[in-house]
>>> print(open('entry_10.txt').read())   # compact mmCIF, C-alpha atoms
# COMPACT_ATOMS: atom_id res chain seq x y z
CA MET D 1 72.72 53.34 107.54
CA ALA D 2 71.97 50.25 109.54
CA LYS D 3 72.58 50.87 113.20
CA PHE D 4 74.01 47.93 115.09
CA ASP D 5 72.20 47.74 118.38
CA LEU D 6 74.63 46.10 120.75
CA VAL D 7 72.27 45.57 123.68
CA ALA D 8 69.57 44.12 121.42
CA GLY D 9 72.22 41.78 119.96
CA LEU D 10 73.24 40.58 123.42
CA LEU D 11 69.63 40.00 124.42
CA ASP D 12 68.93 38.10 121.18
CA ALA D 13 71.92 35.83 121.80
CA ASN D 14 70.76 35.30 125.37
CA GLU D 15 67.28 34.37 124.14
CA VAL D 16 68.70 31.59 121.93
CA LEU D 17 70.60 30.13 124.88
CA ALA D 18 67.60 30.59 127.20
CA GLN D 19 65.53 28.53 124.77
CA GLN D 20 68.18 25.78 124.91
CA ASN D 21 68.02 25.92 128.71
CA ARG D 22 64.24 25.64 128.53
CA GLU D 23 64.54 22.48 126.41
CA LEU D 24 67.10 21.03 128.83
CA PHE D 25 64.85 21.73 131.80
CA GLN D 26 61.78 20.29 130.05
CA LYS D 27 63.69 17.15 129.05
CA ASN D 28 64.63 16.64 132.70
CA LYS D 29 61.15 17.63 133.97
CA VAL D 30 62.57 20.37 136.17
CA TYR D 31 60.41 23.34 137.17
CA VAL D 32 62.70 26.37 137.27
CA ILE D 33 62.29 29.57 139.26
CA ASN D 34 64.27 32.78 138.67
CA LEU D 35 64.25 34.39 142.14
CA MET D 36 64.86 38.15 142.08
CA GLY D 37 64.85 41.18 144.39
CA VAL D 38 67.07 43.88 145.87
CA PRO D 39 70.08 43.03 148.06
CA GLY D 40 68.87 42.49 151.60
CA THR D 41 65.22 41.85 150.82
CA GLY D 42 65.55 38.31 152.17
CA LYS D 43 65.78 36.16 149.03
CA THR D 44 68.09 33.57 150.60
CA THR D 45 66.19 33.47 153.89
CA VAL D 46 62.88 33.00 152.07
CA LEU D 47 64.53 30.28 149.98
CA GLU D 48 65.70 28.50 153.15
CA LYS D 49 62.10 28.56 154.39
CA ILE D 50 60.79 27.28 151.04
CA ILE D 51 63.27 24.40 151.29
CA GLU D 52 62.13 23.61 154.86
CA GLY D 53 58.49 23.68 153.70
CA LEU D 54 58.99 21.44 150.67
CA LYS D 55 61.72 19.07 151.87
CA GLY D 56 60.64 15.46 151.57
CA LYS D 57 57.84 16.43 149.17
CA ILE D 58 59.83 17.76 146.22
CA SER D 59 63.52 17.33 145.34
CA ILE D 60 65.18 20.73 145.12
CA GLY D 61 68.39 22.12 143.62
CA VAL D 62 69.75 25.66 143.83
CA VAL D 63 71.95 27.92 141.70
CA GLU D 64 73.18 30.91 143.72
CA GLY D 65 74.22 34.08 141.89
CA ASP D 66 76.43 36.60 143.66
CA LEU D 67 79.15 39.00 142.59
CA TYR D 68 81.50 37.61 145.22
CA THR D 69 81.51 35.12 148.17
CA THR D 70 80.06 31.64 148.47
CA LYS D 71 78.06 32.45 151.61
CA ASP D 72 74.63 31.81 150.08
CA ALA D 73 75.47 28.42 148.54
CA GLU D 74 76.95 27.37 151.89
CA ARG D 75 73.71 28.32 153.65
CA ILE D 76 71.71 26.18 151.20
CA GLU D 77 74.08 23.20 151.38
CA LYS D 78 73.70 23.18 155.16
CA LEU D 79 70.08 22.21 154.53
CA GLY D 80 71.22 19.14 152.58
CA ILE D 81 70.30 20.62 149.20
CA PRO D 82 72.68 20.56 146.20
CA ALA D 83 73.78 24.13 145.44
CA VAL D 84 76.12 25.67 142.87
CA GLN D 85 77.55 29.14 143.42
CA ILE D 86 78.05 31.47 140.45
CA ASN D 87 80.33 34.45 141.13
CA THR D 88 79.80 37.06 138.43
CA LYS D 89 82.72 39.18 139.73
CA GLY D 90 81.11 42.48 138.85
CA ALA D 91 78.27 41.59 136.46
CA CYS D 92 74.92 42.78 137.78
CA HIS D 93 72.75 39.93 136.48
CA LEU D 94 72.82 36.25 135.52
CA ASP D 95 72.48 35.21 131.88
CA ALA D 96 71.40 31.99 130.21
CA ALA D 97 74.93 30.85 129.32
CA THR D 98 76.21 31.22 132.89
CA VAL D 99 73.23 29.32 134.27
CA ARG D 100 73.76 26.55 131.70
CA LYS D 101 77.35 26.09 132.88
CA ALA D 102 76.28 25.99 136.52
CA CYS D 103 73.70 23.31 135.71
CA LEU D 104 76.51 20.98 134.57
CA ASP D 105 77.36 20.60 138.26
CA LEU D 106 73.83 19.49 139.17
CA SER D 107 72.08 16.18 138.48
CA LEU D 108 69.06 17.77 136.81
CA GLN D 109 67.37 14.40 136.34
CA ASP D 110 67.13 14.09 140.14
CA ILE D 111 65.69 17.59 140.65
CA GLU D 112 62.03 18.60 140.43
CA LEU D 113 62.40 22.25 141.48
CA LEU D 114 65.46 24.29 140.53
CA VAL D 115 65.69 27.72 142.17
CA ILE D 116 68.09 30.20 140.56
CA GLU D 117 68.73 33.05 142.98
CA ASN D 118 69.67 36.01 140.80
CA ILE D 119 71.99 38.94 141.66
CA GLY D 120 70.36 41.43 144.05
CA ASN D 121 69.18 44.08 141.57
CA LEU D 122 65.77 45.23 140.29
CA VAL D 123 66.95 46.30 136.84
CA CYS D 124 69.02 44.04 134.57
CA PRO D 125 68.01 40.59 135.91
CA ALA D 126 64.49 41.27 134.55
CA GLU D 127 65.90 41.67 131.03
CA PHE D 128 67.75 38.34 130.79
CA ASP D 129 65.65 35.23 130.25
CA LEU D 130 67.31 32.20 131.86
CA GLY D 131 64.87 29.64 130.44
CA GLU D 132 62.89 29.57 133.68
CA ASN D 133 59.24 28.61 134.14
CA ALA D 134 58.52 31.52 136.45
CA LYS D 135 60.10 34.74 137.62
CA ILE D 136 59.44 35.22 141.33
CA MET D 137 60.23 38.43 143.14
CA VAL D 138 60.86 39.04 146.82
CA ILE D 139 60.14 42.56 148.08
CA SER D 140 59.98 43.79 151.68
CA VAL D 141 57.59 46.10 153.50
CA THR D 142 60.63 48.10 154.64
CA GLU D 143 61.35 49.13 151.01
CA GLY D 144 58.39 51.50 150.61
CA ASN D 145 55.43 51.63 148.25
CA ASP D 146 56.97 53.41 145.26
CA LYS D 147 58.92 50.50 143.73
CA PRO D 148 56.40 48.98 141.26
CA TRP D 149 56.19 52.20 139.25
CA LYS D 150 59.93 52.86 139.42
CA TYR D 151 60.98 49.35 138.34
CA PRO D 152 57.91 48.22 136.37
CA LEU D 153 59.52 45.56 134.15
CA MET D 154 60.39 43.19 136.98
CA PHE D 155 57.01 43.65 138.67
CA ARG D 156 55.20 43.12 135.33
CA GLN D 157 57.05 39.89 134.59
CA SER D 158 56.73 38.24 137.99
CA LYS D 159 54.32 35.34 138.32
CA LEU D 160 54.53 35.59 142.10
CA ILE D 161 55.60 38.42 144.39
CA ILE D 162 56.51 37.46 147.93
CA VAL D 163 56.07 40.47 150.24
CA ASN D 164 58.53 39.73 153.04
CA LYS D 165 59.26 41.17 156.52
CA LEU D 166 55.56 41.37 157.34
CA ASP D 167 56.55 41.28 161.03
CA LEU D 168 57.92 44.83 160.57
CA ILE D 169 54.90 46.33 158.78
CA ASN D 170 53.54 48.14 161.85
CA TYR D 171 56.86 49.98 162.27
CA THR D 172 56.74 51.30 158.69
CA ASP D 173 54.24 53.27 156.57
CA TYR D 174 54.00 50.45 154.04
CA ASP D 175 50.48 50.04 152.64
CA LEU D 176 49.79 46.49 151.45
CA GLU D 177 46.45 47.46 149.91
CA GLN D 178 48.14 50.23 147.91
CA PHE D 179 50.60 47.63 146.65
CA ARG D 180 47.77 45.29 145.62
CA GLU D 181 46.11 48.18 143.81
CA ASP D 182 49.32 49.13 141.99
CA MET D 183 49.88 45.52 140.94
CA CYS D 184 46.30 45.38 139.70
CA CYS D 185 47.33 48.03 137.14
CA ILE D 186 50.82 46.67 136.39
CA ASN D 187 49.99 42.98 136.18
CA PRO D 188 46.68 41.73 137.62
CA GLU D 189 47.75 38.12 136.96
CA THR D 190 50.60 38.27 139.48
CA LYS D 191 49.99 36.25 142.63
CA ILE D 192 50.88 38.10 145.84
CA ILE D 193 51.80 36.25 149.03
CA PRO D 194 52.76 38.33 152.11
CA VAL D 195 55.11 36.46 154.46
CA SER D 196 57.45 36.86 157.36
CA ALA D 197 60.46 34.59 157.01
CA THR D 198 61.16 35.40 160.69
CA THR D 199 57.79 34.54 162.28
CA GLY D 200 56.68 32.01 159.64
CA LEU D 201 53.52 33.90 158.66
CA GLY D 202 52.43 33.04 155.11
CA LEU D 203 55.11 30.40 154.54
CA CYS D 204 52.59 27.57 154.42
CA GLU D 205 50.62 29.30 151.63
CA LEU D 206 53.89 29.93 149.81
CA ALA D 207 54.97 26.27 150.01
CA ASN D 208 51.53 25.11 148.86
CA TRP D 209 51.54 27.49 145.88
CA LEU D 210 54.99 26.30 144.80
CA TYR D 211 54.05 22.65 145.28
CA SER D 212 51.04 23.12 142.97
CA GLU D 213 53.16 24.90 140.38
CA VAL D 214 55.80 22.17 140.33
CA LYS D 215 53.37 19.26 140.36
CA GLY D 216 50.99 21.02 137.96
CA GLN D 217 53.51 20.85 135.14
CA ASP D 218 53.54 17.03 135.05
CA MET F 23 94.92 39.19 118.07
CA ALA F 24 93.96 42.35 119.93
CA LYS F 25 90.78 41.86 121.89
CA PHE F 26 88.53 44.88 121.98
CA ASP F 27 87.26 45.21 125.51
CA LEU F 28 83.91 46.90 125.14
CA VAL F 29 83.22 47.48 128.83
CA ALA F 30 86.68 48.92 129.41
CA GLY F 31 86.12 51.21 126.40
CA LEU F 32 82.84 52.47 127.81
CA LEU F 33 84.40 53.11 131.21
CA ASP F 34 87.36 54.94 129.63
CA ALA F 35 85.00 57.22 127.69
CA ASN F 36 82.99 57.83 130.86
CA GLU F 37 86.18 58.75 132.72
CA VAL F 38 87.00 61.47 130.16
CA LEU F 39 83.54 62.98 130.55
CA ALA F 40 83.66 62.62 134.35
CA GLN F 41 86.88 64.64 134.34
CA GLN F 42 85.12 67.36 132.34
CA ASN F 43 82.27 67.31 134.91
CA ARG F 44 84.85 67.63 137.68
CA GLU F 45 86.32 70.73 136.04
CA LEU F 46 82.83 72.21 135.59
CA PHE F 47 82.00 71.58 139.25
CA GLN F 48 85.32 73.02 140.45
CA LYS F 49 84.89 76.11 138.28
CA ASN F 50 81.49 76.70 139.89
CA LYS F 51 82.73 75.76 143.39
CA VAL F 52 80.11 73.05 143.78
CA TYR F 53 80.68 70.12 146.13
CA VAL F 54 79.11 67.08 144.49
CA ILE F 55 77.80 63.93 146.14
CA ASN F 56 76.95 60.70 144.31
CA LEU F 57 74.29 59.15 146.58
CA MET F 58 73.91 55.39 146.15
CA GLY F 59 72.13 52.42 147.69
CA VAL F 60 69.54 49.71 146.98
CA PRO F 61 65.95 50.58 146.04
CA GLY F 62 63.99 51.20 149.22
CA THR F 63 66.94 51.85 151.52
CA GLY F 64 65.71 55.42 152.07
CA LYS F 65 68.00 57.51 149.83
CA THR F 66 65.34 60.11 149.02
CA THR F 67 64.03 60.28 152.58
CA VAL F 68 67.56 60.75 153.95
CA LEU F 69 68.14 63.41 151.28
CA GLU F 70 64.96 65.23 152.39
CA LYS F 71 66.33 65.23 155.95
CA ILE F 72 69.75 66.46 154.78
CA ILE F 73 68.00 69.33 152.99
CA GLU F 74 66.01 70.20 156.14
CA GLY F 75 69.21 70.13 158.19
CA LEU F 76 71.25 72.30 155.81
CA LYS F 77 68.60 74.68 154.45
CA GLY F 78 69.56 78.30 155.02
CA LYS F 79 73.18 77.29 155.66
CA ILE F 80 74.17 75.89 152.27
CA SER F 81 72.50 76.27 148.86
CA ILE F 82 71.57 72.84 147.51
CA GLY F 83 70.66 71.41 144.11
CA VAL F 84 69.58 67.87 143.27
CA VAL F 85 69.77 65.54 140.27
CA GLU F 86 67.40 62.58 140.68
CA GLY F 87 68.12 59.36 138.78
CA ASP F 88 65.32 56.85 138.24
CA LEU F 89 64.38 54.43 135.50
CA TYR F 90 60.87 55.86 135.36
CA THR F 91 58.62 58.37 137.20
CA THR F 92 59.35 61.89 138.44
CA LYS F 93 58.20 61.13 142.00
CA ASP F 94 61.57 61.80 143.64
CA ALA F 95 62.26 65.15 141.94
CA GLU F 96 58.74 66.24 142.93
CA ARG F 97 59.47 65.35 146.57
CA ILE F 98 62.63 67.47 146.50
CA GLU F 99 61.00 70.43 144.72
CA LYS F 100 58.34 70.53 147.44
CA LEU F 101 61.16 71.52 149.80
CA GLY F 102 61.96 74.54 147.61
CA ILE F 103 65.14 73.00 146.18
CA PRO F 104 65.92 72.98 142.43
CA ALA F 105 65.76 69.39 141.19
CA VAL F 106 66.23 67.78 137.78
CA GLN F 107 64.86 64.31 137.10
CA ILE F 108 66.79 61.92 134.86
CA ASN F 109 64.77 58.92 133.60
CA THR F 110 67.15 56.28 132.32
CA LYS F 111 64.26 54.15 130.94
CA GLY F 112 65.96 50.86 131.67
CA ALA F 113 69.62 51.72 132.30
CA CYS F 114 70.73 50.57 135.74
CA HIS F 115 73.15 53.43 136.53
CA LEU F 116 73.88 57.08 135.79
CA ASP F 117 76.89 58.04 133.70
CA ALA F 118 78.91 61.25 133.40
CA ALA F 119 77.34 62.33 130.08
CA THR F 120 73.77 62.03 131.40
CA VAL F 121 74.64 63.98 134.54
CA ARG F 122 76.31 66.69 132.43
CA LYS F 123 73.10 67.15 130.42
CA ALA F 124 71.00 67.34 133.59
CA CYS F 125 73.32 70.02 134.98
CA LEU F 126 72.42 72.30 132.06
CA ASP F 127 69.03 72.76 133.77
CA LEU F 128 70.61 73.91 137.03
CA SER F 129 72.29 77.23 137.88
CA LEU F 130 75.50 75.62 139.14
CA GLN F 131 76.98 79.00 140.07
CA ASP F 132 74.22 79.37 142.69
CA ILE F 133 74.70 75.89 144.17
CA GLU F 134 77.21 74.91 146.88
CA LEU F 135 76.12 71.29 147.34
CA LEU F 136 74.86 69.20 144.42
CA VAL F 137 73.43 65.81 145.35
CA ILE F 138 73.09 63.27 142.54
CA GLU F 139 70.80 60.46 143.65
CA ASN F 140 71.83 57.45 141.58
CA ILE F 141 69.67 54.53 140.41
CA GLY F 142 68.84 52.10 143.23
CA ASN F 143 71.47 49.41 142.61
CA LEU F 144 74.64 48.25 144.43
CA VAL F 145 76.52 47.12 141.34
CA CYS F 146 76.96 49.32 138.25
CA PRO F 147 76.62 52.80 139.82
CA ALA F 148 79.90 52.12 141.65
CA GLU F 149 81.70 51.64 138.32
CA PHE F 150 80.72 54.94 136.69
CA ASP F 151 82.53 58.05 137.90
CA LEU F 152 80.25 61.10 137.60
CA GLY F 153 82.93 63.64 138.52
CA GLU F 154 81.70 63.81 142.11
CA ASN F 155 83.72 64.81 145.18
CA ALA F 156 82.36 61.96 147.28
CA LYS F 157 80.42 58.76 146.87
CA ILE F 158 77.99 58.35 149.77
CA MET F 159 76.06 55.18 150.38
CA VAL F 160 72.82 54.63 152.26
CA ILE F 161 72.28 51.15 153.70
CA SER F 162 69.62 49.99 156.14
CA VAL F 163 69.72 47.73 159.18
CA THR F 164 66.88 45.71 157.60
CA GLU F 165 69.20 44.60 154.76
CA GLY F 166 71.37 42.25 156.81
CA ASN F 167 75.08 42.11 157.58
CA ASP F 168 76.38 40.27 154.52
CA LYS F 169 76.33 43.11 151.97
CA PRO F 170 79.86 44.62 152.33
CA TRP F 171 81.51 41.36 151.24
CA LYS F 172 78.99 40.67 148.50
CA TYR F 173 79.17 44.16 146.93
CA PRO F 174 82.66 45.28 148.02
CA LEU F 175 83.35 47.89 145.32
CA MET F 176 80.64 50.31 146.41
CA PHE F 177 81.51 49.91 150.09
CA ARG F 178 85.21 50.38 149.35
CA GLN F 179 84.64 53.59 147.39
CA SER F 180 82.26 55.30 149.78
CA LYS F 181 83.59 58.22 151.79
CA LEU F 182 80.54 58.04 154.06
CA ILE F 183 78.08 55.24 154.75
CA ILE F 184 74.77 56.28 156.29
CA VAL F 185 73.26 53.31 158.16
CA ASN F 186 69.54 54.07 158.04
CA LYS F 187 66.38 52.70 159.73
CA LEU F 188 68.10 52.53 163.10
CA ASP F 189 64.65 52.70 164.70
CA LEU F 190 64.08 49.12 163.42
CA ILE F 191 67.36 47.61 164.64
CA ASN F 192 65.85 45.87 167.66
CA TYR F 193 63.42 44.01 165.42
CA THR F 194 66.23 42.64 163.25
CA ASP F 195 69.41 40.64 163.86
CA TYR F 196 71.56 43.42 162.37
CA ASP F 197 74.89 43.83 164.17
CA LEU F 198 76.27 47.37 163.88
CA GLU F 199 79.59 46.38 165.46
CA GLN F 200 80.02 43.58 162.95
CA PHE F 201 79.44 46.14 160.19
CA ARG F 202 82.06 48.47 161.68
CA GLU F 203 84.49 45.54 161.84
CA ASP F 204 83.82 44.54 158.21
CA MET F 205 84.30 48.13 157.06
CA CYS F 206 87.53 48.27 159.01
CA CYS F 207 88.82 45.57 156.62
CA ILE F 208 87.19 46.87 153.44
CA ASN F 209 87.91 50.59 153.88
CA PRO F 210 88.95 51.88 157.32
CA GLU F 211 88.81 55.47 156.01
CA THR F 212 85.05 55.34 155.44
CA LYS F 213 83.04 57.43 157.89
CA ILE F 214 79.98 55.64 159.30
CA ILE F 215 76.95 57.55 160.59
CA PRO F 216 73.96 55.51 161.86
CA VAL F 217 70.66 57.41 161.52
CA SER F 218 66.93 57.03 161.59
CA ALA F 219 65.28 59.27 159.01
CA THR F 220 62.02 58.52 160.83
CA THR F 221 62.96 59.44 164.42
CA GLY F 222 65.71 61.94 163.54
CA LEU F 223 68.47 60.06 165.38
CA GLY F 224 71.91 60.85 163.93
CA LEU F 225 70.65 63.47 161.46
CA CYS F 226 72.40 66.32 163.26
CA GLU F 227 75.77 64.54 163.02
CA LEU F 228 75.08 63.86 159.35
CA ALA F 229 74.27 67.50 158.59
CA ASN F 230 77.38 68.67 160.47
CA TRP F 231 79.61 66.21 158.61
CA LEU F 232 78.26 67.36 155.24
CA TYR F 233 78.54 71.02 156.20
CA SER F 234 82.24 70.56 157.04
CA GLU F 235 82.85 68.70 153.78
CA VAL F 236 81.24 71.41 151.66
CA LYS F 237 82.79 74.33 153.51
CA GLY F 238 86.14 72.53 153.84
CA GLN F 239 86.71 72.63 150.08
CA ASP F 240 86.81 76.42 149.96
>>> encode(input="entry_10.txt", output="structure tokens")
Amino acid sequence: MAKFDLVAGLLDANEVLAQQNRELFQKNKVYVINLMGVPGTGKTTVLEKIIEGLKGKISIGVVEGDLYTTKDAERIEKLGIPAVQINTKGACHLDAATVRKACLDLSLQDIELLVIENIGNLVCPAEFDLGENAKIMVISVTEGNDKPWKYPLMFRQSKLIIVNKLDLINYTDYDLEQFREDMCCINPETKIIPVSATTGLGLCELANWLYSEVKGQD
Amino acid sequence: MAKFDLVAGLLDANEVLAQQNRELFQKNKVYVINLMGVPGTGKTTVLEKIIEGLKGKISIGVVEGDLYTTKDAERIEKLGIPAVQINTKGACHLDAATVRKACLDLSLQDIELLVIENIGNLVCPAEFDLGENAKIMVISVTEGNDKPWKYPLMFRQSKLIIVNKLDLINYTDYDLEQFREDMCCINPETKIIPVSATTGLGLCELANWLYSEVKGQD
């Protein structure tokens, strides 16, 4: 008896649409980031700092994913950056089709770097390809050292992990060297940049890395 | 044309099994907590402190939900408490059937308080009834003030919200009064207990509240 695997079917369909997104992005020469992390890790704040660091050097557009509210897109628009808010109304991840629709509201031909901020969640967002060039994860030193082994898929797939809230590290038992060691097992290719979106530490390195990534694709 | 709503079907089936769990728990006079929150908010650490506070007063059992690893169940067993680890291997929430299976490994008749620590995720765990008496959420002051409106279902359903990492509040812009005000709109019935699992602040109130809940059901 053939068993119909529903989840596999959904993921296959998503992969077809993700490939179409990839072609659309390539045609428009847009470098696309899928920005992931838990709720409250500082994804939007880090994104605001990335925008400050790259403004005037690279044209940026943003797709904001949230279950409800338009707070995040409003924060980005205040910086003079075009932003589209997706409200998934309960769904715990973005998929390729939803991102494609959101992109209709952006002038992709005028954008060099498109940041898609995914739903705050370490599980399902890692499973749905959006057609991005790179998955980037934000984690925080306040979240503890046990996450890479508990949520390995997202850590394995990330091209860059931004370790945020470095200003709080001395008030926690977070061990950055332990994290580097764990990542060395999980994915030694992943770039790690510790930052503090509050004090500014590491943001220059982060902006430079992104600039090279975006310009490197030309 | 009748549209088959797959998600609604899954949730209906879960509700039937959750009701069976509820009957099983009632028969054994177990008070059951579904403990939820983002990865890294301190669910397991708070649970360790709850166990310390209630040990000798109430008999406790634990079901630990994680995608991978048995780290959390090992932490709980070190405290002399029976713990069963569920590894969902990719699924982003626990459901009633999985919890039922895990309960087969516990002597429910010897347990007064069963804590089910859910997968670290603010979205799907709120949608799946496990047959619990109370949903309890852990949030942290490092996660920012915008979460109740972004993830309203979990906040609305929680009987108690433990606001953790209070020792870090002065290093963040977290506004506890704003949170109380937001919760007053979202669910004014929700009890709020700010704690620091590190310094011990608020843990006595938390243990007392839980003790009353468990003993109150007799």
>>> closest_atom_pairs(input="entry_10.txt", of="chain D", to="chain F", cutoff="8 Å", atoms="all atoms listed in the file", output="CSV")
residue,atom,partner,partner_atom,distance
D:Val38,CA,F:Val60,CA,6.4
D:Pro39,CA,F:Val60,CA,6.8
D:Gly40,CA,F:Glu165,CA,3.8
D:Thr41,CA,F:Glu165,CA,6.2
D:Gly42,CA,F:Glu165,CA,7.7
D:Asp66,CA,F:Lys172,CA,6.8
D:Leu67,CA,F:Lys172,CA,6.1
D:Tyr68,CA,F:Lys172,CA,5.1
D:Thr69,CA,F:Lys172,CA,6.1
D:Gly90,CA,F:Val145,CA,7.0
D:Ala91,CA,F:Val145,CA,7.6
D:Cys92,CA,F:Val145,CA,5.8
D:Asn121,CA,F:Asn143,CA,5.9
D:Leu122,CA,F:Asn143,CA,7.4
D:Val123,CA,F:Cys114,CA,5.8
D:Cys124,CA,F:Cys114,CA,6.9
D:Thr142,CA,F:Gly62,CA,7.1
D:Glu143,CA,F:Gly62,CA,3.8
D:Gly144,CA,F:Gly62,CA,5.8
D:Lys147,CA,F:Pro61,CA,7.4
D:Trp149,CA,F:Thr91,CA,6.9
D:Lys150,CA,F:Tyr90,CA,5.1
D:Tyr151,CA,F:Leu89,CA,6.7
D:Leu168,CA,F:Tyr193,CA,7.4
D:Tyr171,CA,F:Leu190,CA,7.4
>>> closest_residue(input="entry_10.txt", among="F:Asn209, F:Gln200, F:Asn36, F:Asn155", to="F:Leu232", atoms="only C-alpha atoms")
F:Asn155
>>> residues_around(input="entry_10.txt", residues="D:Val214", least_positions_apart="3", cutoff="7 Å", atoms="only C-alpha atoms", output="PyMOL selection string")
chain D and resi 31+113+210-211+217
>>> closest_residue(input="entry_10.txt", among="F:Val84, F:Leu182, F:Ile191, F:Leu116", to="F:Pro104", atoms="only C-alpha atoms")
F:Val84
>>> residues_around(input="entry_10.txt", residues="F:Lys213", least_positions_apart="5", cutoff="10 Å", atoms="all atoms listed in the file", output="PyMOL selection string")
chain F and resi 158+180-184+202+205+231
>>> residues_around(input="entry_10.txt", residues="D:Glu205", least_positions_apart="6", cutoff="12 Å", atoms="all atoms listed in the file", output="JSON, numbers by chain")
{"D": [49, 50, 53, 54, 162, 191, 192, 193, 194, 195, 196, 211, 212]}
>>> residues_around(input="entry_10.txt", residues="D:Ala134", least_positions_apart="5", cutoff="7 Å", atoms="all atoms listed in the file", output="list in words")
Val32, Ile33, Asn34 and Lys159 of chain D
>>> atom_distance(input="entry_10.txt", atom1="atom CA of D:Arg100", atom2="atom CA of D:Leu17")
8.3 Å
>>> closest_residue(input="entry_10.txt", among="F:Glu70, F:Gly87, F:Thr120, F:Ser129", to="F:Lys100", atoms="only C-alpha atoms")
F:Glu70
>>> closest_residue(input="entry_10.txt", among="D:Ile86, D:Ile58, D:Leu104, D:Leu166", to="D:Lys215", atoms="all atoms listed in the file")
D:Ile58
>>> residues_around(input="entry_10.txt", residues="F:Gln107", least_positions_apart="4", cutoff="6 Å", atoms="only C-alpha atoms", output="JSON, numbers by chain")
{"F": [85, 86, 95]}
>>> atom_distance(input="entry_10.txt", atom1="atom CA of D:Ala97", atom2="atom CA of D:Leu79")
27.1 Å
>>> atom_distance(input="entry_10.txt", atom1="atom CA of F:Asp117", atom2="atom CA of F:Ala40")
8.2 Å
>>> decode(input="entry_10.txt", residues="stretch 114-118 of chain F", atoms="all heavy atoms", output="CSV table (one decimal), in the first residue's frame")
chain,number,residue,atom,x,y,z
F,114,CYS,N,6.8,20.5,16.2
F,114,CYS,CA,7.0,21.7,16.9
F,114,CYS,C,6.0,21.9,18.1
F,114,CYS,O,5.9,22.9,18.7
F,114,CYS,CB,6.8,22.9,16.0
F,114,CYS,SG,5.1,23.0,15.3
F,115,HIS,N,5.3,20.8,18.5
F,115,HIS,CA,4.4,20.9,19.6
F,115,HIS,C,4.2,19.4,20.1
F,115,HIS,O,4.4,18.5,19.4
F,115,HIS,CB,3.1,21.5,19.2
F,115,HIS,CG,2.4,20.7,18.1
F,115,HIS,ND1,2.7,20.9,16.8
F,115,HIS,CD2,1.5,19.7,18.2
F,115,HIS,CE1,2.0,20.0,16.1
F,115,HIS,NE2,1.3,19.3,16.9
F,116,LEU,N,3.7,19.3,21.4
F,116,LEU,CA,3.2,18.0,21.9
F,116,LEU,C,1.7,17.9,21.5
F,116,LEU,O,1.0,18.9,21.4
F,116,LEU,CB,3.4,18.0,23.4
F,116,LEU,CG,4.8,18.0,23.9
F,116,LEU,CD1,4.9,17.9,25.4
F,116,LEU,CD2,5.7,16.9,23.2
F,117,ASP,N,1.2,16.7,21.4
F,117,ASP,CA,-0.2,16.5,21.3
F,117,ASP,C,-0.7,15.5,22.3
F,117,ASP,O,0.1,14.9,23.0
F,117,ASP,CB,-0.6,16.1,19.8
F,117,ASP,CG,0.1,14.8,19.4
F,117,ASP,OD1,0.4,14.0,20.3
F,117,ASP,OD2,0.2,14.5,18.2
F,118,ALA,N,-2.0,15.3,22.4
F,118,ALA,CA,-2.6,14.5,23.5
F,118,ALA,C,-2.2,13.1,23.4
F,118,ALA,O,-1.9,12.4,24.4
F,118,ALA,CB,-4.1,14.6,23.4
